[in-house]
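Participant: My structure file start_8.txt, compact mmCIF, C-alpha atoms and all ligand atoms, is below:
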```
# COMPACT_ATOMS: atom_id res chain seq x y z
CA MET A 1141 0.00 0.00 0.00
CA LYS A 1142 1.26 3.45 -0.91
CA LEU A 1143 -0.25 6.87 -0.23
CA ASP A 1144 -0.48 9.28 -3.11
CA ASN A 1145 -0.03 13.03 -2.92
CA GLN A 1146 -3.61 13.76 -3.87
CA THR A 1147 -5.01 11.91 -0.88
CA ILE A 1148 -2.76 13.88 1.41
CA GLU A 1149 -3.53 17.18 -0.31
CA GLN A 1150 -7.24 16.56 -0.04
CA HIS A 1151 -6.90 15.96 3.69
CA ASN A 1152 -4.79 19.08 4.07
CA ARG A 1153 -7.35 21.25 2.27
CA GLU A 1154 -9.89 20.23 4.87
CA PHE A 1155 -7.71 21.33 7.77
CA VAL A 1156 -5.62 24.12 6.34
CA GLU A 1157 -7.73 27.06 7.47
CA LYS A 1158 -7.79 25.97 11.07
CA HIS A 1159 -4.08 25.26 10.84
CA GLN A 1160 -3.30 28.67 9.44
CA ARG A 1161 -5.06 30.42 12.28
CA ALA A 1162 -3.03 28.45 14.82
CA PHE A 1163 0.15 29.00 12.85
CA SER A 1164 -0.23 32.79 12.67
CA TYR A 1165 -1.04 32.95 16.35
CA THR A 1166 2.03 30.89 17.28
CA THR A 1167 4.47 32.62 14.98
CA GLU A 1168 3.41 36.12 16.05
CA ASN A 1169 5.84 35.89 18.92
CA ILE A 1170 8.52 33.73 17.34
CA ALA A 1171 11.17 35.67 15.48
CA ASN A 1172 13.07 32.66 14.12
CA ALA A 1173 10.09 30.54 13.02
CA GLU A 1174 11.44 30.05 9.49
CA GLU A 1175 14.80 28.89 10.79
CA ILE A 1176 13.12 26.44 13.15
CA MET A 1177 10.98 25.05 10.36
CA ASP A 1178 14.04 24.57 8.14
CA LYS A 1179 15.64 22.54 10.89
CA LEU A 1180 12.46 20.56 11.50
CA GLN A 1181 12.29 19.68 7.84
CA GLN A 1182 15.78 18.26 7.87
CA PHE A 1183 15.20 16.26 11.02
CA ASN A 1184 14.38 12.58 10.53
CA ILE A 1185 13.90 9.86 13.10
CA ALA A 1186 14.59 6.30 12.03
CA ILE A 1187 12.05 3.55 12.63
CA PRO A 1188 13.29 0.18 13.88
CA SER A 1189 12.07 -2.81 11.92
CA TRP A 1190 11.07 -4.52 15.17
CA ALA A 1191 8.63 -1.81 16.20
CA LEU A 1192 6.17 -2.39 13.38
CA GLY A 1193 4.45 -5.32 15.01
CA THR A 1194 2.77 -5.72 18.36
CA GLY A 1195 5.36 -6.22 21.08
CA GLY A 1196 3.89 -8.01 24.04
CA THR A 1197 5.27 -8.59 27.48
CA ARG A 1198 6.66 -11.66 29.15
CA PHE A 1199 3.11 -12.36 30.31
CA GLY A 1200 1.59 -12.46 26.90
CA ARG A 1201 1.25 -11.04 23.48
CA PHE A 1202 -1.99 -9.85 21.98
CA SER A 1203 -1.39 -10.05 18.28
CA GLY A 1204 -2.18 -7.12 16.11
CA LYS A 1205 -3.65 -7.59 12.70
CA GLY A 1206 -2.19 -6.85 9.31
CA GLU A 1207 1.33 -6.87 10.77
CA PRO A 1208 4.19 -6.88 8.30
CA GLY A 1209 5.44 -10.43 7.86
CA THR A 1210 8.34 -9.69 5.56
CA LEU A 1211 11.06 -7.10 5.30
CA GLU A 1212 9.37 -5.77 2.19
CA GLN A 1213 6.17 -5.18 4.15
CA LYS A 1214 8.10 -3.51 6.96
CA ILE A 1215 9.61 -1.13 4.45
CA GLU A 1216 6.12 -0.50 3.10
CA ASP A 1217 4.94 0.37 6.63
CA VAL A 1218 7.77 2.84 7.20
CA GLY A 1219 7.01 4.25 3.75
CA LEU A 1220 3.46 4.95 4.92
CA LEU A 1221 4.73 6.71 8.03
CA HIS A 1222 7.14 8.80 5.99
CA ALA A 1223 4.46 9.75 3.47
CA LEU A 1224 2.28 10.97 6.34
CA ASN A 1225 4.88 12.80 8.43
CA ARG A 1226 7.88 13.31 6.10
CA SER A 1227 10.12 12.64 9.10
CA SER A 1228 10.56 8.89 9.15
CA GLY A 1229 12.98 8.62 6.26
CA ALA A 1230 15.01 5.64 7.44
CA ILE A 1231 14.61 2.11 8.74
CA SER A 1232 16.90 0.36 11.17
CA LEU A 1233 17.25 -3.38 10.67
CA HIS A 1234 17.77 -6.07 13.25
CA ILE A 1235 19.76 -9.06 12.06
CA PRO A 1236 18.78 -11.94 11.90
CA TRP A 1237 15.14 -10.90 12.27
CA ASP A 1238 15.32 -9.01 9.00
CA ILE A 1239 17.96 -10.44 6.75
CA PRO A 1240 17.84 -8.83 3.32
CA GLN A 1241 18.09 -11.69 0.81
CA ASP A 1242 18.73 -9.38 -2.11
CA ALA A 1243 20.22 -6.15 -0.82
CA GLU A 1244 20.00 -4.28 -4.12
CA LYS A 1245 16.30 -5.04 -4.46
CA ILE A 1246 15.62 -4.08 -0.87
CA LYS A 1247 17.56 -0.86 -1.27
CA ALA A 1248 15.62 0.01 -4.41
CA LEU A 1249 12.31 -0.73 -2.69
CA ALA A 1250 13.27 1.49 0.24
CA ALA A 1251 14.40 4.25 -2.12
CA SER A 1252 11.03 4.09 -3.91
CA HIS A 1253 9.47 5.09 -0.56
CA GLY A 1254 12.12 7.76 0.01
CA LEU A 1255 13.81 5.68 2.71
CA GLY A 1256 17.42 4.97 3.60
CA PHE A 1257 18.95 2.51 6.05
CA ASP A 1258 19.90 3.61 9.51
CA ALA A 1259 22.17 1.69 11.91
CA VAL A 1260 22.11 -2.10 11.68
CA ASN A 1261 21.58 -3.98 14.94
CA SER A 1262 23.15 -7.27 15.93
CA ASN A 1263 21.39 -9.85 18.03
CA THR A 1264 23.38 -11.98 20.45
CA PHE A 1265 20.67 -12.03 23.09
CA GLN A 1266 18.70 -14.90 21.58
CA ASP A 1267 19.73 -18.29 20.27
CA GLN A 1268 18.91 -18.83 16.64
CA PRO A 1269 17.98 -22.20 15.13
CA GLY A 1270 21.06 -24.21 14.21
CA GLN A 1271 23.39 -22.01 16.23
CA GLU A 1272 26.37 -23.94 17.63
CA HIS A 1273 26.84 -22.22 21.01
CA SER A 1274 24.20 -20.83 23.34
CA TYR A 1275 24.03 -17.23 24.60
CA LYS A 1276 22.32 -18.31 27.80
CA PHE A 1277 25.26 -16.99 29.80
CA GLY A 1278 26.10 -14.08 27.57
CA SER A 1279 27.80 -13.43 24.29
CA LEU A 1280 30.67 -10.94 23.93
CA HIS A 1281 31.49 -11.26 27.63
CA HIS A 1282 31.22 -15.06 27.79
CA VAL A 1283 33.76 -17.10 29.73
CA ASP A 1284 34.15 -19.42 26.72
CA PRO A 1285 36.18 -17.94 23.83
CA LYS A 1286 34.23 -20.08 21.34
CA VAL A 1287 30.97 -18.35 22.30
CA ARG A 1288 32.65 -14.96 22.11
CA LYS A 1289 33.97 -15.76 18.65
CA GLN A 1290 30.54 -16.84 17.44
CA ALA A 1291 29.10 -13.54 18.68
CA VAL A 1292 31.93 -11.53 17.11
CA ASP A 1293 31.44 -13.32 13.79
CA HIS A 1294 27.73 -12.54 13.90
CA ASN A 1295 28.49 -8.83 14.34
CA ILE A 1296 30.90 -8.93 11.40
CA GLU A 1297 28.15 -10.54 9.35
CA VAL A 1298 25.77 -7.75 10.39
CA ILE A 1299 28.28 -5.12 9.26
CA LYS A 1300 28.42 -6.84 5.86
CA HIS A 1301 24.63 -6.65 5.52
CA GLY A 1302 24.78 -3.02 6.53
CA ILE A 1303 27.42 -2.22 3.93
CA ALA A 1304 25.27 -3.80 1.23
CA LEU A 1305 22.33 -1.61 2.27
CA GLY A 1306 24.21 1.63 2.73
CA SER A 1307 23.99 1.77 6.53
CA LYS A 1308 26.72 3.71 8.30
CA ALA A 1309 26.59 2.36 11.83
CA LEU A 1310 26.43 -0.81 13.89
CA THR A 1311 24.51 -0.76 17.16
CA VAL A 1312 25.54 -3.32 19.73
CA TRP A 1313 23.17 -3.98 22.58
CA LEU A 1314 24.08 -6.87 24.85
CA ALA A 1315 21.92 -8.77 27.28
CA ASP A 1316 25.16 -9.97 28.91
CA GLY A 1317 25.15 -9.81 32.66
CA SER A 1318 24.46 -11.91 35.71
CA SER A 1319 21.44 -12.61 37.86
CA PHE A 1320 23.16 -13.65 41.07
CA PRO A 1321 26.07 -12.28 43.06
CA GLY A 1322 29.17 -14.36 42.47
CA GLN A 1323 28.01 -15.60 39.08
CA LEU A 1324 30.42 -13.35 37.22
CA ASN A 1325 33.85 -11.92 37.59
CA PHE A 1326 33.01 -8.29 36.70
CA ARG A 1327 36.51 -7.40 35.54
CA GLU A 1328 36.89 -10.44 33.34
CA ALA A 1329 33.43 -9.96 31.86
CA PHE A 1330 34.27 -6.36 31.03
CA GLN A 1331 37.68 -7.26 29.56
CA ASN A 1332 36.18 -10.03 27.44
CA THR A 1333 33.57 -7.59 26.16
CA LEU A 1334 36.24 -5.06 25.29
CA GLU A 1335 38.37 -7.62 23.46
CA SER A 1336 35.34 -8.89 21.52
CA LEU A 1337 34.29 -5.35 20.60
CA LYS A 1338 37.85 -4.64 19.44
CA GLU A 1339 37.60 -7.57 17.04
CA ILE A 1340 34.32 -6.25 15.67
CA TYR A 1341 35.67 -2.70 15.49
CA LYS A 1342 38.46 -3.88 13.16
CA HIS A 1343 35.81 -4.73 10.59
CA LEU A 1344 34.09 -1.34 10.60
CA PRO A 1345 34.47 0.56 7.35
CA GLU A 1346 36.25 3.92 7.58
CA ASP A 1347 33.08 6.00 7.47
CA TRP A 1348 31.13 3.86 9.94
CA LYS A 1349 30.35 4.32 13.61
CA MET A 1350 29.88 1.76 16.33
CA PHE A 1351 27.18 2.56 18.88
CA VAL A 1352 27.63 0.90 22.26
CA GLU A 1353 24.22 0.78 23.90
CA TYR A 1354 23.99 0.44 27.66
CA LYS A 1355 21.19 -0.79 29.87
CA ALA A 1356 21.07 -0.91 33.64
CA PHE A 1357 18.93 -4.02 34.11
CA GLU A 1358 16.96 -6.75 32.37
CA PRO A 1359 17.10 -9.47 31.18
CA ASN A 1360 19.69 -9.98 33.88
CA PHE A 1361 18.70 -8.83 37.33
CA TYR A 1362 21.90 -8.48 39.33
CA SER A 1363 24.48 -7.00 36.95
CA THR A 1364 24.66 -5.94 33.35
CA THR A 1365 28.07 -5.92 31.73
CA ILE A 1366 27.43 -2.64 29.89
CA ALA A 1367 25.11 -1.16 32.47
CA ASP A 1368 25.49 2.58 32.25
CA TRP A 1369 26.95 5.47 30.30
CA GLY A 1370 30.22 5.28 32.25
CA GLN A 1371 30.79 1.70 31.21
CA SER A 1372 29.76 2.40 27.64
CA LEU A 1373 31.97 5.49 27.49
CA LEU A 1374 34.90 3.52 28.88
CA LEU A 1375 34.50 0.95 26.12
CA ALA A 1376 33.94 3.55 23.40
CA SER A 1377 37.01 5.50 24.50
CA LYS A 1378 39.20 2.40 24.52
CA LEU A 1379 37.88 1.28 21.14
CA GLY A 1380 38.65 4.47 19.24
CA ASP A 1381 37.22 7.39 17.31
CA LYS A 1382 34.56 5.41 15.54
CA ALA A 1383 32.98 4.13 18.74
CA TYR A 1384 30.30 6.09 20.59
CA THR A 1385 27.84 5.73 23.41
CA LEU A 1386 24.19 5.25 22.52
CA VAL A 1387 21.55 6.52 24.90
CA ASP A 1388 18.27 4.62 25.08
CA LEU A 1389 15.93 6.62 27.28
CA GLY A 1390 14.45 3.53 28.94
CA HIS A 1391 17.76 2.02 29.98
CA HIS A 1392 18.45 4.06 33.10
CA LEU A 1393 17.80 3.54 36.74
CA PRO A 1394 14.72 5.46 37.95
CA ASN A 1395 15.07 9.25 38.09
CA ALA A 1396 18.45 9.29 36.33
CA ASN A 1397 19.24 12.76 35.04
CA ILE A 1398 19.46 11.81 31.38
CA GLU A 1399 19.83 15.40 30.17
CA GLN A 1400 23.00 15.75 32.23
CA ILE A 1401 24.38 12.49 30.80
CA VAL A 1402 23.64 13.73 27.29
CA SER A 1403 25.32 17.03 27.94
CA LEU A 1404 28.56 15.46 29.18
CA LEU A 1405 28.71 12.82 26.47
CA LEU A 1406 28.32 15.54 23.86
CA MET A 1407 31.02 17.62 25.52
CA GLU A 1408 33.37 14.61 25.24
CA GLY A 1409 32.43 14.06 21.58
CA LYS A 1410 31.22 10.57 22.47
CA LEU A 1411 27.46 10.76 22.08
CA GLY A 1412 26.59 8.63 19.06
CA GLY A 1413 22.87 8.29 19.00
CA PHE A 1414 19.51 7.96 20.63
CA HIS A 1415 16.77 5.45 21.11
CA PHE A 1416 13.60 7.33 21.99
CA ASN A 1417 10.82 5.92 24.12
CA ASP A 1418 9.23 6.77 27.44
CA SER A 1419 8.69 5.00 30.70
CA LYS A 1420 7.25 5.29 34.15
CA TYR A 1421 8.98 2.40 35.87
CA ALA A 1422 11.63 0.63 33.79
CA ASP A 1423 12.37 -0.14 30.14
CA ASP A 1424 8.70 0.28 29.37
CA ASP A 1425 9.26 1.29 25.73
CA LEU A 1426 6.18 3.53 25.68
CA THR A 1427 5.44 6.27 23.16
CA ALA A 1428 8.05 9.05 23.29
CA GLY A 1429 6.84 11.98 25.37
CA SER A 1430 3.79 10.13 26.69
CA ILE A 1431 4.89 10.11 30.34
CA LYS A 1432 7.66 12.67 30.81
CA PRO A 1433 7.43 15.28 28.05
CA TYR A 1434 9.34 17.85 30.12
CA GLN A 1435 12.28 15.47 30.38
CA LEU A 1436 12.20 14.95 26.62
CA PHE A 1437 12.30 18.72 26.14
CA LEU A 1438 15.17 19.13 28.62
CA ILE A 1439 17.13 16.42 26.80
CA PHE A 1440 16.61 18.22 23.50
CA SER A 1441 17.57 21.48 25.09
CA GLU A 1442 20.92 19.96 26.08
CA LEU A 1443 21.26 18.34 22.68
CA VAL A 1444 20.75 21.61 20.81
CA ASP A 1445 23.05 23.50 23.16
CA GLY A 1446 25.79 20.85 23.07
CA MET A 1447 25.60 20.22 19.34
CA ASP A 1448 25.73 23.92 18.55
CA ALA A 1449 28.72 24.32 20.88
CA ARG A 1450 30.59 21.62 18.96
CA GLY A 1451 29.30 22.61 15.52
CA ILE A 1452 27.49 19.28 15.06
CA ASP A 1453 24.73 19.21 12.47
CA HIS A 1454 21.45 18.45 14.24
CA ALA A 1455 20.01 16.28 11.52
CA THR A 1456 23.02 14.17 10.61
CA GLY A 1457 25.45 14.44 13.51
CA LEU A 1458 23.80 11.84 15.69
CA GLY A 1459 21.77 8.69 15.08
CA TRP A 1460 18.09 9.35 15.90
CA MET A 1461 15.83 6.39 16.32
CA ILE A 1462 12.67 5.29 18.06
CA ASP A 1463 12.92 2.12 20.14
CA ALA A 1464 9.45 1.39 21.38
CA SER A 1465 7.04 -1.44 21.81
CA HIS A 1466 3.32 -1.44 21.17
CA ASN A 1467 0.99 -3.55 23.20
CA LEU A 1468 -2.21 -1.56 23.20
CA LYS A 1469 -2.09 0.81 20.27
CA ASP A 1470 -1.69 0.29 16.56
CA PRO A 1471 2.11 0.30 16.11
CA LEU A 1472 1.95 2.69 13.17
CA VAL A 1473 -0.20 5.19 15.03
CA ASP A 1474 2.05 4.92 18.06
CA LEU A 1475 5.10 5.60 15.91
CA LEU A 1476 3.41 8.66 14.39
CA GLN A 1477 2.73 9.92 17.90
CA SER A 1478 6.35 9.32 18.94
CA VAL A 1479 7.77 11.17 15.96
CA GLU A 1480 5.43 14.08 16.65
CA ALA A 1481 6.42 14.25 20.32
CA ILE A 1482 10.11 14.20 19.40
CA LYS A 1483 9.70 16.99 16.87
CA ILE A 1484 7.72 19.09 19.32
CA ALA A 1485 10.49 18.70 21.93
CA TYR A 1486 13.10 19.57 19.30
CA ALA A 1487 11.16 22.64 18.12
CA GLN A 1488 10.81 23.85 21.70
CA ALA A 1489 14.52 23.33 22.32
CA LEU A 1490 15.24 25.51 19.29
CA LEU A 1491 13.13 28.24 20.88
CA VAL A 1492 15.18 28.53 24.05
CA ASP A 1493 16.81 31.94 24.41
CA ARG A 1494 20.35 30.66 24.99
CA LYS A 1495 21.79 34.10 25.65
CA ALA A 1496 19.22 34.91 28.31
CA LEU A 1497 19.65 31.49 29.89
CA LYS A 1498 23.42 31.96 30.00
CA GLU A 1499 22.98 35.34 31.67
CA ALA A 1500 20.59 33.89 34.24
CA GLN A 1501 23.08 31.12 34.97
CA GLN A 1502 25.96 33.58 35.35
CA GLN A 1503 23.91 35.58 37.80
CA ASN A 1504 22.70 32.51 39.67
CA ASP A 1505 19.20 33.67 38.86
CA VAL A 1506 17.48 30.36 39.47
CA VAL A 1507 13.97 31.69 38.97
CA ARG A 1508 14.75 33.33 35.65
CA ALA A 1509 16.51 30.20 34.35
CA GLN A 1510 13.51 28.10 35.25
CA GLU A 1511 11.11 30.64 33.71
CA ILE A 1512 13.04 30.68 30.45
CA LEU A 1513 12.83 26.91 30.05
CA GLN A 1514 9.28 26.51 31.27
CA ASP A 1515 8.01 29.39 29.17
CA VAL A 1516 9.27 27.58 26.08
CA PHE A 1517 7.99 24.20 27.23
CA ARG A 1518 4.53 25.71 27.69
CA THR A 1519 4.53 27.21 24.21
CA ASP A 1520 2.30 25.31 21.82
CA VAL A 1521 4.54 24.65 18.81
CA ARG A 1522 2.35 22.02 17.19
CA SER A 1523 1.37 24.29 14.31
CA LEU A 1524 5.04 24.99 13.60
CA VAL A 1525 5.75 21.29 13.33
CA ALA A 1526 2.63 20.85 11.19
CA GLU A 1527 3.60 23.72 8.88
CA ALA A 1528 7.06 22.23 8.36
CA ARG A 1529 5.40 18.93 7.47
CA LEU A 1530 2.84 20.59 5.20
CA ARG A 1531 5.59 22.32 3.22
CA GLN A 1532 7.20 18.92 2.62
CA GLY A 1533 3.99 17.38 1.36
CA GLY A 1534 3.09 15.55 4.56
CA ALA A 1535 -0.30 15.43 6.25
CA LEU A 1536 -1.42 18.17 8.58
CA ASN A 1537 -2.82 15.54 10.95
CA PRO A 1538 -1.08 12.23 10.27
CA VAL A 1539 -2.97 10.22 12.90
CA THR A 1540 -6.37 11.55 11.78
CA LEU A 1541 -5.59 10.75 8.17
CA PHE A 1542 -4.31 7.28 9.06
CA ASN A 1543 -7.61 6.54 10.77
CA GLU A 1544 -9.84 8.23 8.19
CA LEU A 1545 -8.28 6.27 5.37
CA GLY A 1546 -8.69 3.04 7.30
CA ILE A 1547 -5.07 2.20 6.59
CA ARG A 1548 -4.96 -0.64 9.10
CA ASN A 1549 -8.01 -2.25 7.52
CA SER A 1550 -6.40 -2.07 4.11
CA LEU A 1551 -3.29 -3.71 5.53
CA ILE A 1552 -5.42 -6.44 7.10
CA GLU A 1553 -7.09 -7.05 3.76
CA GLU A 1554 -3.69 -7.30 2.13
CA ARG A 1555 -1.91 -9.33 4.79
CA GLY A 1556 -4.59 -11.05 6.82
CA SER A 1557 -5.55 -11.06 10.49
CA ASN A 1558 -3.21 -13.71 11.80
CA THR A 1559 0.06 -11.98 11.23
CA VAL A 1560 3.11 -11.89 13.45
CA ALA A 1561 5.98 -9.53 12.79
CA THR A 1562 9.43 -10.56 13.99
CA GLY A 1563 10.70 -8.48 16.84
CA LEU A 1564 10.76 -8.10 20.57
C1 LIG B 1 16.21 -4.23 24.76
C2 LIG B 1 16.15 -3.48 23.51
C3 LIG B 1 17.31 -2.56 23.32
C4 LIG B 1 17.75 -2.75 21.90
C5 LIG B 1 16.59 -3.50 21.32
C6 LIG B 1 16.89 -4.37 20.17
O1 LIG B 1 16.13 -3.38 25.83
O2 LIG B 1 14.93 -2.78 23.48
O3 LIG B 1 16.95 -1.27 23.62
O4 LIG B 1 18.05 -1.57 21.28
O5 LIG B 1 16.14 -4.29 22.39
MN MN B 2 17.41 0.42 22.46
MN MN B 3 15.33 -1.34 25.51
```
Can you present the structure in this file as structure tokens?

Facilitator:
Amino acid sequence: MKLDNQTIEQHNREFVEKHQRAFSYTTENIANAEEIMDKLQQFNIAIPSWALGTGGTRFGRFSGKGEPGTLEQKIEDVGLLHALNRSSGAISLHIPWDIPQDAEKIKALAASHGLGFDAVNSNTFQDQPGQEHSYKFGSLHHVDPKVRKQAVDHNIEVIKHGIALGSKALTVWLADGSSFPGQLNFREAFQNTLESLKEIYKHLPEDWKMFVEYKAFEPNFYSTTIADWGQSLLLASKLGDKAYTLVDLGHHLPNANIEQIVSLLLMEGKLGGFHFNDSKYADDDLTAGSIKPYQLFLIFSELVDGMDARGIDHATGLGWMIDASHNLKDPLVDLLQSVEAIKIAYAQALLVDRKALKEAQQQNDVVRAQEILQDVFRTDVRSLVAEARLRQGGALNPVTLFNELGIRNSLIEERGSNTVATGL
């Protein structure tokens, strides 16, 4: 299924008057609205191939309908998102869930939807059929060199798939850890991980990055071998210039100050990318901005400030991706909501008066600093984001149009009701 421009234009005609009223009202007090919209138009957030189906929990999975069963269908789904919001221009593949059999064909299909390939992700947290050694007790950190080698070889394989597709980064997330005190020698586990990552790093093409993703807990419950940004940064620093830390918002201990982490990683030139989601309790993988929108804004505020300080291009300097799971909502609708929330937070961050904030900080004017940030956070920038999308040919109200067109029903007709997409 593909959306044509006329369908979108027709929808936009219906809503444009209302939109224009909101847009004029909002921009009345925003001097740099055009600049913000330029930046919004360049900003894309990649969609992971595993987020297109219904996720489930360890207690159960309530299957969605019309889920994409093949990589081609997943690309088609991301194509639909991108046609609606013009901001989901890349897909991130998880190997071996989504092995491209014919890379050229897959690339061409993606290109026909205006999509590129974001970071490729390796998977050494599950055993695959026919696999010689088990990852039950870890992969890159394993006590047995044969298991480590198998996991290293898998990552090298993933890089090869990525090269064929035009990806420029490998994301490594490990489930390696321990569930009971005494199970692991922490130092040896860390050293083994480092040595394994060094092997993988040797196979990275010159213009590639390696993203080392950390996670504090789960699936192991006592220790995780790459548990936090310090451990990831240590590895990335030892590995070299192509290695970076990846921040997944759900991978922190409760109440962690993620914006501060982001700010320091950027200062050190070691922030590689982001996995957006939201959570109340743990790695809940909920829609971005659905629980803590102020935190999302504060993170973007640090991102904009830090990237500008280092002259990093907002759109291309870091890897932006959603990493969410959908148990209750239609995955495509949920992804549209996440992208919207991320763009709103980004637009608000671009509105912050940096000079005034700096002055307030220099004067220890706590109240003024807080007012500056909260004033921006309470500004309704939705029409700015919508205008940027409209100018690119996207829908003024992507979720409304998705529902009005009955896109899910069309997908069910095409694919059937009993579909299961590979993924978490
Ligand atoms: C597990 C996880 C992680 C990875 C993804 C593949 O927590 O969600 O964030 O990026 O699986
Ligand atoms: Mn993640
Ligand atoms: Mn996660």

Participant: If you take only C-alpha atoms and a cut-off of 6 Å, which residues of stretch 1403-1486 of chain A touch stretch 1369-1393 of chain A, and what are their nearest atom pairs and distances in Å to one decimal, in chain and number order, as CSV?

Facilitator:
```
residue,atom,partner,partner_atom,distance
A:Lys1410,CA,A:Tyr1384,CA,4.9
A:Leu1411,CA,A:Thr1385,CA,5.2
A:Gly1412,CA,A:Tyr1384,CA,4.7
A:Gly1413,CA,A:Leu1386,CA,4.8
A:Phe1414,CA,A:Val1387,CA,4.9
A:His1415,CA,A:Asp1388,CA,4.3
A:Phe1416,CA,A:Leu1389,CA,5.8
A:Asp1423,CA,A:Gly1390,CA,4.4
```

Participant: Let me have all residues with an atom within 8 Å of ligand LIG 1 (chain B), counting all atoms listed in the file, laid out as an MDAnalysis selection string.

Facilitator: chainID A and resid 1190 1234 1261 1263 1311:1313 1315 1353 1355 1358 1388 1390:1391 1415 1423 1425 1463:1464 1564

Participant: Quote the spacing between atom CA of A:Ala1356 and atom CA of A:Thr1333 in Å to one decimal place.

Facilitator: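 Spanning atom CA of A:Ala1356 to atom CA of A:Thr1333 is a straight-line distance of 16.0 Å.
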
Participant: Here is a test: counting all atoms listed in the file, which residue of A:Ile1170, A:Ile1148, A:Ile1246, A:Ala1251 is nearest to A:His1301?

Facilitator: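 Among the listed residues, A:Ile1246 lies closest to A:His1301.
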
Participant: Would you compute the distance between atom CA of A:Glu1244 and atom CA of A:Gly1229? Give it in Å to one decimal.

Facilitator: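 Calculated distance between atom CA of A:Glu1244 and atom CA of A:Gly1229 is 18.0 Å.
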
Participant: Taking only C-alpha atoms and all ligand atoms into account, which of A:Glu1168, A:Asp1242, A:Asp1418, A:Asp1217 comes nearest ligand MN 3 (chain B)?

Facilitator: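 Under the stated criterion, the closest residue is A:Asp1418.
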
Participant: Considering only C-alpha atoms, return as a list in words whatever protein or nucleic-acid residues lie within 10 Å of A:Glu1499, sequence-local ones (same chain, fewer than 5 positions apart) excluded.

Facilitator: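 Once the nearby chain positions are removed, what remains is Arg1494, Asn1504, Asp1505, Arg1508 and Ala1509 of chain A.
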
Participant: Using all atoms listed in the file, which residue out of A:Ile1185, A:Leu1406, A:Ile1231, A:Val1287 lies closest to A:Leu1255?

Facilitator: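 When distances to A:Leu1255 are compared using all atoms listed in the file, the smallest one comes from A:Ile1231.
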
Participant: With distances taken over all atoms listed in the file, which of A:Ile1401, A:Ala1526, A:Asn1325, A:Val1444 is nearest to A:Gly1457?

Facilitator: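 Closest residue, counting all atoms listed in the file: A:Val1444.
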
Participant: Point out the residue among A:Asp1178, A:Asp1424, A:Asp1453, A:Glu1346 with the least atom-to-atom distance to ligand MN 3 (chain B), counting all atoms listed in the file.

Facilitator: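 Among A:Asp1178, A:Asp1424, A:Asp1453, A:Glu1346, it is A:Asp1424 that comes nearest to ligand MN 3 (chain B).
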
Participant: Could you please determine the separation between atom CA of A:Thr1364 and atom CA of A:Phe1330 in Å, to one decimal place?

Facilitator: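 Taking atom CA of A:Thr1364 and atom CA of A:Phe1330, their separation equals 9.9 Å.
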
Participant: When distances are computed from all atoms listed in the file, which of A:Val1479, A:Glu1544, A:Ser1465, A:Ser1279 shows the smallest separation from ligand MN 3 (chain B)?

Facilitator: A:Ser1465

Participant: Up to 12 Å from (8.4, 4.6, -5.3) in the file's coordinates: name the residues, counting all atoms listed in the file, as a short mmCIF file (atom, residue, chain, number, x, y, z; two decimals) with C-alpha atoms, in the frame of the given file.

Facilitator:
```
data_model
loop_
_atom_site.label_atom_id
_atom_site.label_comp_id
_atom_site.auth_asym_id
_atom_site.auth_seq_id
_atom_site.Cartn_x
_atom_site.Cartn_y
_atom_site.Cartn_z
CA MET A 1141 0.00 0.00 0.00
CA LYS A 1142 1.26 3.45 -0.91
CA LEU A 1143 -0.25 6.87 -0.23
CA ASP A 1144 -0.48 9.28 -3.11
CA ILE A 1215 9.61 -1.13 4.45
CA GLU A 1216 6.12 -0.50 3.10
CA GLY A 1219 7.01 4.25 3.75
CA LEU A 1220 3.46 4.95 4.92
CA ALA A 1223 4.46 9.75 3.47
CA LYS A 1247 17.56 -0.86 -1.27
CA ALA A 1248 15.62 0.01 -4.41
CA LEU A 1249 12.31 -0.73 -2.69
CA ALA A 1250 13.27 1.49 0.24
CA ALA A 1251 14.40 4.25 -2.12
CA SER A 1252 11.03 4.09 -3.91
CA HIS A 1253 9.47 5.09 -0.56
CA GLY A 1254 12.12 7.76 0.01
CA LEU A 1255 13.81 5.68 2.71
#
```

Participant: Find the residues near stretch 1466-1471 of chain A: any atom within 7 Å, counting only C-alpha atoms, skip ones fewer than 2 places away on the same chain, and give them as a list in words.

Facilitator: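 Residues meeting the cut-off are Ala1191, Leu1192, Gly1193, Thr1194, Gly1195, Gly1196, Ala1464, Val1473, Asp1474 and Leu1475 of chain A.
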
Participant: Could you pull the residues within 10 Å of A:Phe1265, counting only C-alpha atoms, minus those fewer than 3 positions along the same chain, as a list of chain:residue names?

Facilitator: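 Here the answer would be A:Ser1262, A:Gln1268, A:Ser1274, A:Tyr1275, A:Lys1276, A:Phe1277, A:Gly1278, A:Ser1279, A:Ala1291, A:Trp1313, A:Leu1314, A:Ala1315, A:Asp1316, A:Pro1359.
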